[in-house]
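One file, final.tsv, is given below (TSV, C-alpha atoms and all ligand atoms).
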```
chain	number	residue	atom	x	y	z
A	6	MET	CA	-3.38	-24.22	-6.86
A	7	LYS	CA	-5.47	-21.06	-7.31
A	8	LYS	CA	-4.02	-18.50	-9.69
A	9	ILE	CA	-3.99	-14.89	-8.48
A	10	LEU	CA	-3.18	-11.85	-10.60
A	11	VAL	CA	-1.25	-9.17	-8.73
A	12	THR	CA	-1.02	-5.85	-10.56
A	13	GLY	CA	1.89	-3.70	-9.44
A	14	GLY	CA	3.33	-6.85	-7.89
A	15	LEU	CA	6.91	-5.59	-8.04
A	16	GLY	CA	6.12	-2.50	-6.00
A	17	TYR	CA	6.64	-2.08	-2.28
A	18	ILE	CA	3.39	-3.50	-0.88
A	19	GLY	CA	2.79	-5.67	-3.95
A	20	SER	CA	6.07	-7.57	-3.65
A	21	HIS	CA	5.53	-8.35	0.05
A	22	THR	CA	2.01	-9.54	-0.77
A	23	VAL	CA	3.29	-11.81	-3.55
A	24	VAL	CA	5.59	-13.49	-1.01
A	25	GLU	CA	2.70	-14.06	1.42
A	26	LEU	CA	0.46	-15.37	-1.37
A	27	GLN	CA	3.09	-17.83	-2.55
A	28	ASN	CA	3.76	-18.91	1.02
A	29	SER	CA	0.02	-19.56	1.40
A	30	GLY	CA	-0.02	-21.85	-1.63
A	31	PHE	CA	-1.29	-19.53	-4.37
A	32	GLU	CA	0.16	-19.38	-7.84
A	33	VAL	CA	0.95	-15.75	-8.61
A	34	ILE	CA	1.03	-13.85	-11.89
A	35	ILE	CA	2.50	-10.38	-11.60
A	36	ILE	CA	1.92	-7.58	-14.05
A	37	ASP	CA	3.90	-4.39	-13.59
A	38	ASN	CA	5.02	-1.63	-15.96
A	39	LEU	CA	8.24	-1.06	-13.96
A	40	SER	CA	7.43	2.67	-13.71
A	41	ASN	CA	8.27	2.71	-10.01
A	42	SER	CA	9.85	-0.71	-9.52
A	43	SER	CA	12.63	-2.87	-10.84
A	44	LEU	CA	13.09	-6.36	-12.24
A	45	ASN	CA	15.51	-7.10	-9.38
A	46	VAL	CA	12.47	-7.31	-7.12
A	47	LEU	CA	11.52	-10.49	-8.93
A	48	GLU	CA	14.82	-12.03	-7.85
A	49	GLY	CA	14.25	-10.81	-4.30
A	50	ILE	CA	10.83	-12.48	-4.19
A	51	THR	CA	12.20	-15.69	-5.68
A	52	SER	CA	15.09	-15.84	-3.23
A	53	ILE	CA	12.56	-15.80	-0.38
A	54	THR	CA	9.90	-18.16	-1.76
A	55	LYS	CA	12.16	-20.32	-3.99
A	56	LYS	CA	9.39	-20.15	-6.59
A	57	PRO	CA	9.61	-17.61	-9.38
A	58	PRO	CA	6.21	-15.97	-9.87
A	59	ILE	CA	5.05	-15.56	-13.46
A	60	PHE	CA	5.84	-12.03	-14.59
A	61	GLU	CA	4.69	-9.90	-17.51
A	62	ARG	CA	5.72	-6.34	-18.12
A	63	LEU	CA	2.43	-4.72	-18.98
A	64	ASP	CA	1.02	-1.21	-18.84
A	65	LEU	CA	-2.60	-1.32	-17.74
A	66	ARG	CA	-3.28	1.98	-19.51
A	67	ILE	CA	-3.01	0.19	-22.85
A	68	LYS	CA	-6.45	-1.36	-23.07
A	69	ALA	CA	-5.61	-3.63	-26.00
A	70	ASP	CA	-2.77	-5.16	-23.98
A	71	VAL	CA	-5.07	-5.73	-21.00
A	72	ILE	CA	-7.63	-7.47	-23.20
A	73	ASP	CA	-4.89	-9.58	-24.78
A	74	PHE	CA	-3.47	-10.50	-21.36
A	75	PHE	CA	-6.77	-11.89	-20.11
A	76	HIS	CA	-7.23	-13.87	-23.33
A	77	ARG	CA	-3.87	-15.50	-22.76
A	78	HIS	CA	-4.36	-16.26	-19.06
A	79	GLU	CA	-7.34	-18.41	-18.27
A	80	GLN	CA	-8.56	-19.45	-14.85
A	81	ILE	CA	-7.53	-16.50	-12.77
A	82	ALA	CA	-9.33	-16.91	-9.44
A	83	GLY	CA	-8.77	-13.42	-8.10
A	84	VAL	CA	-7.06	-10.09	-8.63
A	85	ILE	CA	-5.20	-7.90	-6.18
A	86	HIS	CA	-4.88	-4.48	-7.72
A	87	PHE	CA	-1.93	-2.41	-6.49
A	88	ALA	CA	-0.74	-0.82	-9.72
A	89	ALA	CA	-1.13	2.94	-9.28
A	90	SER	CA	0.84	6.12	-8.77
A	91	LYS	CA	1.06	7.20	-5.14
A	92	ALA	CA	3.04	10.41	-4.63
A	93	VAL	CA	0.82	13.11	-3.18
A	94	GLY	CA	2.94	16.09	-4.35
A	95	GLU	CA	3.46	14.72	-7.83
A	96	SER	CA	-0.28	14.20	-8.18
A	97	VAL	CA	-0.86	17.92	-7.57
A	98	GLU	CA	1.57	18.71	-10.41
A	99	GLN	CA	0.33	16.04	-12.80
A	100	PRO	CA	-3.37	15.47	-12.10
A	101	LEU	CA	-4.18	14.04	-15.52
A	102	HIS	CA	-1.40	11.50	-15.25
A	103	TYR	CA	-2.84	10.41	-11.89
A	104	TYR	CA	-6.41	10.21	-13.14
A	105	GLU	CA	-5.36	8.23	-16.20
A	106	ASN	CA	-2.97	5.94	-14.41
A	107	ASN	CA	-5.13	5.22	-11.37
A	108	ILE	CA	-8.65	5.36	-12.79
A	109	SER	CA	-8.62	4.16	-16.39
A	110	THR	CA	-6.55	1.14	-15.39
A	111	LEU	CA	-9.09	0.11	-12.75
A	112	ILE	CA	-11.88	0.41	-15.31
A	113	TYR	CA	-10.08	-1.76	-17.87
A	114	LEU	CA	-9.31	-4.32	-15.20
A	115	LEU	CA	-12.92	-4.51	-13.97
A	116	GLN	CA	-14.17	-4.79	-17.56
A	117	GLU	CA	-11.90	-7.77	-18.20
A	118	CYS	CA	-12.82	-9.35	-14.86
A	119	LYS	CA	-16.43	-9.19	-15.97
A	120	ALA	CA	-15.66	-10.52	-19.44
A	121	HIS	CA	-13.72	-13.49	-18.01
A	122	GLY	CA	-15.88	-14.35	-15.02
A	123	ILE	CA	-13.30	-13.29	-12.42
A	124	HIS	CA	-15.33	-12.45	-9.34
A	125	ASN	CA	-12.82	-11.72	-6.59
A	126	VAL	CA	-11.03	-8.37	-6.42
A	127	ILE	CA	-8.97	-6.75	-3.67
A	128	PHE	CA	-8.33	-3.04	-4.08
A	129	SER	CA	-5.55	-0.92	-2.54
A	130	SER	CA	-7.20	2.04	-0.91
A	131	SER	CA	-5.86	4.48	1.65
A	132	CYS	CA	-6.71	6.21	4.91
A	133	THR	CA	-6.23	9.37	2.89
A	134	VAL	CA	-9.94	9.07	1.98
A	135	TYR	CA	-10.80	10.20	5.53
A	136	GLY	CA	-8.92	13.53	5.23
A	137	GLU	CA	-8.60	15.23	8.62
A	138	PRO	CA	-10.78	12.98	10.77
A	139	ASP	CA	-13.38	14.34	13.19
A	140	ARG	CA	-12.87	11.49	15.62
A	141	LEU	CA	-10.01	9.15	16.51
A	142	PRO	CA	-9.45	6.28	16.12
A	143	ILE	CA	-11.05	6.26	12.66
A	144	THR	CA	-13.68	3.65	11.90
A	145	GLU	CA	-14.78	2.64	8.41
A	146	GLU	CA	-18.02	4.54	9.10
A	147	ALA	CA	-16.19	7.88	9.25
A	148	PRO	CA	-17.20	10.16	6.40
A	149	VAL	CA	-15.05	10.35	3.30
A	150	LYS	CA	-13.88	13.96	3.13
A	151	LYS	CA	-13.13	15.99	0.03
A	152	ALA	CA	-9.69	14.87	-1.10
A	153	THR	CA	-6.81	17.29	-0.68
A	154	SER	CA	-4.85	15.92	-3.65
A	155	PRO	CA	-5.58	14.27	-6.99
A	156	TYR	CA	-3.91	11.14	-5.57
A	157	GLY	CA	-6.39	11.03	-2.69
A	158	ASN	CA	-9.21	11.73	-5.09
A	159	THR	CA	-8.23	8.76	-7.27
A	160	LYS	CA	-8.64	6.48	-4.23
A	161	GLN	CA	-12.10	7.93	-3.47
A	162	ILE	CA	-13.22	7.72	-7.10
A	163	SER	CA	-11.88	4.17	-7.39
A	164	GLU	CA	-13.87	3.05	-4.36
A	165	GLU	CA	-16.98	4.63	-5.93
A	166	ILE	CA	-16.34	2.91	-9.26
A	167	ILE	CA	-16.03	-0.43	-7.48
A	168	GLU	CA	-19.12	0.18	-5.36
A	169	ASP	CA	-21.23	1.16	-8.39
A	170	THR	CA	-19.99	-1.86	-10.33
A	171	CYS	CA	-20.73	-4.23	-7.45
A	172	GLU	CA	-24.21	-2.74	-7.19
A	173	VAL	CA	-25.17	-3.92	-10.67
A	174	ASP	CA	-23.06	-7.08	-10.76
A	175	PRO	CA	-23.97	-9.29	-7.80
A	176	GLN	CA	-21.45	-11.92	-8.89
A	177	LEU	CA	-18.57	-9.50	-8.43
A	178	LYS	CA	-17.08	-9.39	-4.92
A	179	CYS	CA	-14.63	-6.68	-3.91
A	180	ILE	CA	-12.80	-5.68	-0.78
A	181	ALA	CA	-11.13	-2.28	-0.47
A	182	LEU	CA	-8.36	-2.20	2.09
A	183	ARG	CA	-7.69	1.26	3.45
A	184	TYR	CA	-4.03	1.26	4.38
A	185	PHE	CA	-2.57	3.48	7.04
A	186	ASN	CA	1.23	4.10	6.81
A	187	PRO	CA	3.14	1.00	5.68
A	188	ILE	CA	6.78	0.80	6.78
A	189	GLY	CA	9.50	-1.83	7.15
A	190	ALA	CA	10.69	-4.65	4.94
A	191	HIS	CA	10.76	-8.43	4.74
A	192	HIS	CA	12.98	-9.77	7.56
A	193	SER	CA	15.26	-11.43	4.99
A	194	ALA	CA	16.14	-7.96	3.60
A	195	MET	CA	15.61	-9.40	0.11
A	196	ILE	CA	12.72	-7.02	-0.64
A	197	GLY	CA	11.77	-3.61	0.75
A	198	GLU	CA	10.81	-0.09	-0.22
A	199	LEU	CA	12.74	1.35	-3.18
A	200	PRO	CA	11.93	5.04	-3.47
A	201	VAL	CA	12.96	6.73	-6.72
A	202	GLY	CA	14.83	9.99	-6.09
A	203	VAL	CA	14.45	11.86	-2.80
A	204	PRO	CA	12.08	9.90	-0.56
A	205	GLN	CA	8.88	11.73	0.34
A	206	ASN	CA	7.90	9.30	3.07
A	207	LEU	CA	9.26	9.39	6.58
A	208	VAL	CA	10.91	6.00	7.10
A	209	PRO	CA	12.86	5.78	3.81
A	210	PHE	CA	14.12	9.30	4.51
A	211	ILE	CA	15.22	8.22	7.98
A	212	THR	CA	17.06	5.12	6.75
A	213	GLN	CA	18.75	7.04	3.93
A	214	THR	CA	19.88	9.68	6.44
A	215	ALA	CA	21.29	7.00	8.72
A	216	ALA	CA	23.09	5.51	5.70
A	217	GLY	CA	24.66	8.89	4.95
A	218	VAL	CA	22.79	9.39	1.66
A	219	ARG	CA	20.92	12.40	3.11
A	220	LYS	CA	22.50	14.95	5.43
A	221	GLU	CA	19.63	15.27	7.86
A	222	LEU	CA	15.94	14.57	8.23
A	223	SER	CA	13.53	17.49	8.22
A	224	VAL	CA	10.72	17.09	10.74
A	225	PHE	CA	7.75	18.89	9.25
A	226	GLY	CA	6.49	20.88	12.22
A	227	ASN	CA	6.59	20.49	16.01
A	228	ASP	CA	3.81	22.95	16.82
A	229	TYR	CA	0.81	20.72	16.15
A	230	GLU	CA	-1.69	20.02	18.90
A	231	THR	CA	-0.25	16.62	19.76
A	232	SER	CA	1.65	15.34	22.79
A	233	ASP	CA	5.06	16.39	21.42
A	234	GLY	CA	3.92	18.77	18.67
A	235	SER	CA	4.74	16.47	15.72
A	236	CYS	CA	2.16	14.69	13.53
A	237	ILE	CA	0.73	11.33	14.45
A	238	ARG	CA	0.29	8.37	12.10
A	239	ASP	CA	-0.54	4.68	12.32
A	240	TYR	CA	2.59	2.92	11.05
A	241	ILE	CA	1.96	-0.66	10.02
A	242	HIS	CA	4.60	-3.28	9.19
A	243	VAL	CA	4.38	-4.04	5.48
A	244	VAL	CA	4.41	-7.79	6.16
A	245	ASP	CA	1.33	-7.46	8.40
A	246	LEU	CA	-0.30	-5.41	5.66
A	247	ALA	CA	0.62	-8.04	3.05
A	248	LYS	CA	-0.95	-10.76	5.18
A	249	ALA	CA	-4.19	-8.75	5.37
A	250	HIS	CA	-4.46	-9.11	1.59
A	251	VAL	CA	-4.22	-12.89	1.76
A	252	VAL	CA	-6.88	-13.05	4.48
A	253	ALA	CA	-9.18	-10.71	2.53
A	254	LEU	CA	-8.71	-12.74	-0.65
A	255	GLU	CA	-9.48	-15.99	1.15
A	256	ARG	CA	-12.65	-14.42	2.56
A	257	LEU	CA	-13.83	-13.76	-1.00
A	258	LEU	CA	-12.71	-17.11	-2.40
A	259	GLN	CA	-14.62	-18.89	0.37
A	260	ASN	CA	-17.67	-16.68	-0.12
A	261	ASN	CA	-17.50	-15.56	3.50
A	262	ASN	CA	-18.21	-11.93	2.63
A	263	THR	CA	-21.48	-10.48	3.86
A	264	SER	CA	-21.88	-7.92	1.10
A	265	ASN	CA	-20.26	-7.78	-2.32
A	266	PHE	CA	-18.36	-4.58	-1.52
A	267	GLU	CA	-16.61	-4.43	1.81
A	268	ILE	CA	-14.14	-1.94	3.26
A	269	PHE	CA	-11.58	-2.56	5.99
A	270	ASN	CA	-9.08	-0.31	7.72
A	271	VAL	CA	-5.66	-1.89	7.81
A	272	GLY	CA	-3.53	-0.35	10.53
A	273	THR	CA	-2.26	-1.16	13.99
A	274	GLY	CA	-4.72	1.02	15.89
A	275	LYS	CA	-1.82	2.85	17.52
A	276	GLY	CA	-0.77	6.42	16.79
A	277	THR	CA	2.94	7.30	16.84
A	278	SER	CA	4.42	10.79	16.44
A	279	VAL	CA	7.26	11.65	14.05
A	280	LEU	CA	9.56	12.36	17.00
A	281	GLU	CA	8.65	9.01	18.56
A	282	VAL	CA	9.53	7.24	15.30
A	283	ILE	CA	12.92	8.97	15.31
A	284	LYS	CA	13.52	7.95	18.94
A	285	ALA	CA	12.52	4.36	18.25
A	286	PHE	CA	14.84	4.26	15.24
A	287	GLU	CA	17.74	5.56	17.34
A	288	THR	CA	17.07	2.93	20.00
A	289	VAL	CA	16.78	0.07	17.53
A	290	THR	CA	19.92	1.00	15.59
A	291	GLY	CA	21.97	2.45	18.45
A	292	THR	CA	22.82	5.50	16.30
A	293	LYS	CA	21.94	9.19	16.55
A	294	LEU	CA	19.81	10.43	13.70
A	295	PRO	CA	20.59	13.98	12.54
A	296	TYR	CA	17.38	15.96	12.21
A	297	LYS	CA	16.02	19.49	12.36
A	298	VAL	CA	12.53	20.82	12.80
A	299	VAL	CA	11.27	22.83	9.83
A	300	GLU	CA	7.98	24.36	8.69
A	301	ARG	CA	4.84	22.26	8.52
A	302	ARG	CA	4.39	20.43	5.20
A	303	PRO	CA	1.33	21.76	3.35
A	304	GLY	CA	-1.49	19.23	3.21
A	305	ASP	CA	-0.36	17.13	6.19
A	306	VAL	CA	-3.15	16.02	8.50
A	307	VAL	CA	-2.40	16.32	12.21
A	308	SER	CA	-3.32	12.92	13.51
A	309	VAL	CA	-4.61	9.71	11.92
A	310	TYR	CA	-4.85	6.22	13.32
A	311	ALA	CA	-7.18	3.34	12.69
A	312	ASP	CA	-9.91	1.68	14.62
A	313	THR	CA	-9.09	-1.86	13.54
A	314	THR	CA	-12.03	-3.60	15.25
A	315	LYS	CA	-13.72	-4.47	11.95
A	316	ALA	CA	-10.61	-6.09	10.45
A	317	ASN	CA	-9.83	-7.84	13.75
A	318	GLU	CA	-13.32	-9.27	14.24
A	319	ILE	CA	-14.61	-9.81	10.72
A	320	LEU	CA	-11.44	-10.57	8.79
A	321	GLY	CA	-9.83	-12.27	11.78
A	322	TRP	CA	-6.65	-10.34	11.05
A	323	LYS	CA	-4.53	-8.31	13.43
A	324	ALA	CA	-1.22	-6.46	13.06
A	325	GLU	CA	1.36	-8.48	14.98
A	326	ARG	CA	4.68	-6.80	14.33
A	327	SER	CA	6.02	-3.91	16.40
A	328	MET	CA	7.34	-0.52	15.38
A	329	GLU	CA	10.80	-1.73	16.48
A	330	ASP	CA	10.54	-4.76	14.17
A	331	ALA	CA	9.49	-2.54	11.31
A	332	LEU	CA	12.30	-0.03	11.82
A	333	SER	CA	15.01	-2.63	12.25
A	334	SER	CA	13.86	-4.45	9.08
A	335	ALA	CA	13.79	-1.14	7.17
A	336	TRP	CA	17.32	-0.41	8.37
A	337	LYS	CA	18.53	-3.92	7.48
A	338	TRP	CA	17.06	-3.43	3.99
A	339	GLU	CA	18.73	-0.03	3.56
A	340	GLN	CA	22.07	-1.55	4.60
A	341	HIS	CA	21.54	-4.40	2.16
A	342	ILE	CA	20.89	-2.14	-0.85
A	343	ARG	CA	23.77	0.21	0.07
A	344	ASN	CA	26.18	-2.65	0.80
A	345	ILE	CA	26.92	-1.33	4.29
B	401	LIG	C1	0.44	10.14	2.84
B	401	LIG	C2	-0.98	9.63	2.78
B	401	LIG	C3	-1.03	8.20	2.35
B	401	LIG	C4	-0.27	8.00	1.08
B	401	LIG	C5	1.15	8.44	1.30
B	401	LIG	C6	1.90	8.26	0.01
B	401	LIG	C7	-2.43	10.66	4.46
B	401	LIG	C8	-2.96	10.60	5.85
B	401	LIG	N1	-1.58	9.70	4.10
B	401	LIG	O1	1.02	9.59	3.97
B	401	LIG	O2	-2.35	7.83	2.13
B	401	LIG	O3	-0.30	6.66	0.70
B	401	LIG	O4	1.16	9.82	1.68
B	401	LIG	O5	3.07	8.95	-0.05
B	401	LIG	O6	-2.76	11.53	3.68
B	401	LIG	N2	7.54	13.55	7.64
B	401	LIG	C9	8.58	14.35	8.10
B	401	LIG	N3	9.70	14.44	7.35
B	401	LIG	C10	9.84	13.80	6.15
B	401	LIG	C11	8.78	12.99	5.70
B	401	LIG	C12	7.63	12.91	6.46
B	401	LIG	O7	8.50	14.95	9.17
B	401	LIG	O8	10.89	13.95	5.50
B	401	LIG	C13	6.33	13.43	8.46
B	401	LIG	C14	5.06	13.94	7.79
B	401	LIG	O9	4.85	15.29	8.06
B	401	LIG	C15	4.01	13.02	8.43
B	401	LIG	C16	4.75	11.72	8.71
B	401	LIG	O10	6.13	12.06	8.68
B	401	LIG	O11	3.61	13.56	9.63
B	401	LIG	C17	4.47	10.64	7.67
B	401	LIG	O12	4.67	11.19	6.40
B	401	LIG	P1	4.68	10.29	5.07
B	401	LIG	O13	5.56	9.12	5.28
B	401	LIG	O14	4.97	11.18	3.93
B	401	LIG	O15	3.21	9.72	4.99
B	401	LIG	P2	1.79	10.48	5.01
B	401	LIG	O16	1.93	11.86	4.53
B	401	LIG	O17	1.17	10.24	6.33
```
Show how you would write the structure in this file as structure tokens.
Ligand code: UD1
Amino acid sequence: MKKILVTGGLGYIGSHTVVELQNSGFEVIIIDNLSNSSLNVLEGITSITKKPPIFERLDLRIKADVIDFFHRHEQIAGVIHFAASKAVGESVEQPLHYYENNISTLIYLLQECKAHGIHNVIFSSSCTVYGEPDRLPITEEAPVKKATSPYGNTKQISEEIIEDTCEVDPQLKCIALRYFNPIGAHHSAMIGELPVGVPQNLVPFITQTAAGVRKELSVFGNDYETSDGSCIRDYIHVVDLAKAHVVALERLLQNNNTSNFEIFNVGTGKGTSVLEVIKAFETVTGTKLPYKVVERRPGDVVSVYADTTKANEILGWKAERSMEDALSSAWKWEQHIRNI
């Protein structure tokens, strides 16, 4: 059984990926500092897979602890690196926190991978690196635009750090997955997204509004140049996204990669507007969602969706779950955590 280290493995995407890794026969070690996650997630994972993953509470910013961790855990075959801060607005207010938490941790991790002969690394990147795209759908060849937030910048810098490191270390193999907008939850409702405080992202805000935790959803603008005036995103079911990590990891473990730094878009290839998401949620749940249209949110791009040809053809991976599946699983999860 190959041992895989998952950093940030108790987070939203991390926890779903741990489930898929365990279901594919990998042994998983999670490290997480619990800054934006909870130990209950470990129980959620275990209730699905019936196999408790190994867990260590560890803060990757503390270099001595990272060094010590790798001394204690031999024979790690690969690393999937999720641990990072991800709130765009917060990153504008606390840039140094974002640069430290997202960049120094990657450096320490890559240094220890080198020291311990760990050659396979999957990195969580984001479609945010494309900024406002010139052409849709977005291919991996699209230029990386100047980031509009420190968060976005950390993803660009991280990709550069990985690329530069791969350049001088031919044994190291890395894949950066550029996620579009992950939504939904595991169908069991045992794990899902757990936003701290007021959710910034669309779907958790919708489900909390439907649960009565929030009075109404604010739609940020309906005067964009899109079919219905609201912004367009590529919403991907988190379980599909999790599966992409397993496929990417297997590609590296089997040495099927064609270069030692590869980048893949991970989305559905389909753009959906905010108002369409609301309509789909109302249809799936049979309830009316209270919402009002407000000002545009500063920094929002108008329209982003992926060209997924590269992931489909080269990784042999394709998003399979529908928007309806994603929204009903997100709603089931919200009901589960609210006991409704
Ligand atoms: C952004 C980043 C993404 C990052 C994520 C983390 C881009 C293209 N994407 O996603 O890389 O990982 O933040 O938080 O930069 N909306 C409302 N009302 C709400 C919330 C959202 O109308 O209460 C709208 C937004 O205006 C947007 C859409 O819903 O059009 C999705 O917003 P959100 O879920 O916050 O994700 P992004 O901003 O696309």
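The gap separating CA of Glu165 (chain A) from atom C17 of ligand LIG 401 (chain B) is 26.1 Å, in Å to one decimal.
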Mind giving me the straight-line distance from CA of Asn317 (chain A) to CA of Val271 (chain A) in Å, one decimal?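 So the answer is 9.4 Å.
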Closest-contact table, chain A side, partner ligand LIG 401 (chain B), 6 Å, counting only C-alpha atoms and all ligand atoms, as JSON lines:
```
{"residue": "A:Lys91", "atom": "CA", "partner": "B:LIG401", "partner_atom": "C6", "distance": 5.3}
{"residue": "A:Ala92", "atom": "CA", "partner": "B:LIG401", "partner_atom": "O5", "distance": 4.8}
{"residue": "A:Val93", "atom": "CA", "partner": "B:LIG401", "partner_atom": "O5", "distance": 5.7}
{"residue": "A:Ser131", "atom": "CA", "partner": "B:LIG401", "partner_atom": "O2", "distance": 4.9}
{"residue": "A:Cys132", "atom": "CA", "partner": "B:LIG401", "partner_atom": "O2", "distance": 5.4}
{"residue": "A:Thr133", "atom": "CA", "partner": "B:LIG401", "partner_atom": "O6", "distance": 4.2}
{"residue": "A:Gln205", "atom": "CA", "partner": "B:LIG401", "partner_atom": "O14", "distance": 5.3}
{"residue": "A:Asn206", "atom": "CA", "partner": "B:LIG401", "partner_atom": "O13", "distance": 3.2}
{"residue": "A:Leu207", "atom": "CA", "partner": "B:LIG401", "partner_atom": "C11", "distance": 3.7}
{"residue": "A:Phe210", "atom": "CA", "partner": "B:LIG401", "partner_atom": "O8", "distance": 5.7}
{"residue": "A:Leu222", "atom": "CA", "partner": "B:LIG401", "partner_atom": "O8", "distance": 5.8}
{"residue": "A:Ser223", "atom": "CA", "partner": "B:LIG401", "partner_atom": "N3", "distance": 5.0}
{"residue": "A:Val224", "atom": "CA", "partner": "B:LIG401", "partner_atom": "O7", "distance": 3.5}
{"residue": "A:Phe225", "atom": "CA", "partner": "B:LIG401", "partner_atom": "O7", "distance": 4.0}
{"residue": "A:Cys236", "atom": "CA", "partner": "B:LIG401", "partner_atom": "O11", "distance": 4.3}
{"residue": "A:Val279", "atom": "CA", "partner": "B:LIG401", "partner_atom": "O10", "distance": 5.5}
{"residue": "A:Arg302", "atom": "CA", "partner": "B:LIG401", "partner_atom": "O9", "distance": 5.9}
{"residue": "A:Asp305", "atom": "CA", "partner": "B:LIG401", "partner_atom": "O9", "distance": 5.8}
```
Expected axis-aligned box over every listed atom of region 269-279 of chain A, 6 Å added per side, centre plus edges in Å to one decimal, as lines of an AutoDock Vina configuration file:
```
center_x = -2.2
center_y = 4.5
center_z = 11.8
size_x = 30.8
size_y = 26.2
size_z = 23.5
```
Just to confirm, what's the straight-line distance from CA of Ala194 (chain A) to CA of Ser334 (chain A) in Å (one decimal)?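 CA of Ala194 (chain A) sits 6.9 Å away from CA of Ser334 (chain A).
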Hey, which of A:Gly16, A:Gly291, A:Gly321, A:Pro155 ends up closest to Ala253 (chain A)? Count all atoms listed in the file.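 Of all the options, A:Gly321 lies closest to Ala253 (chain A).
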Considering all atoms listed in the file, state which residue in the set A:Thr214, A:Leu199, A:Ala89, A:Phe266 is at the smallest distance from Cys171 (chain A).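 Ranking A:Thr214, A:Leu199, A:Ala89, A:Phe266 by distance to Cys171 (chain A), first place goes to A:Phe266.
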So which one's closest to Phe185 (chain A), A:Phe87, A:Phe128, A:Tyr135, A:Phe60? Using all atoms listed in the file, please.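 Nearest to Phe185 (chain A): A:Tyr135.
Counting all atoms listed in the file, Asn270 (chain A) has the following residues at most 9 Å away, ignoring those fewer than 6 positions along the same chain: Ser131, Cys132, Ile143, Thr144, Glu145, Ala181, Leu182, Arg183, Tyr184, Phe185, Ala311, Asp312, Thr313, Thr314, Lys315 and Ala316 of chain A.
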Using all atoms listed in the file: which of A:His121, A:Val298, A:Val97, A:Val251 has the shortest distance to Gly30 (chain A): A:Val251
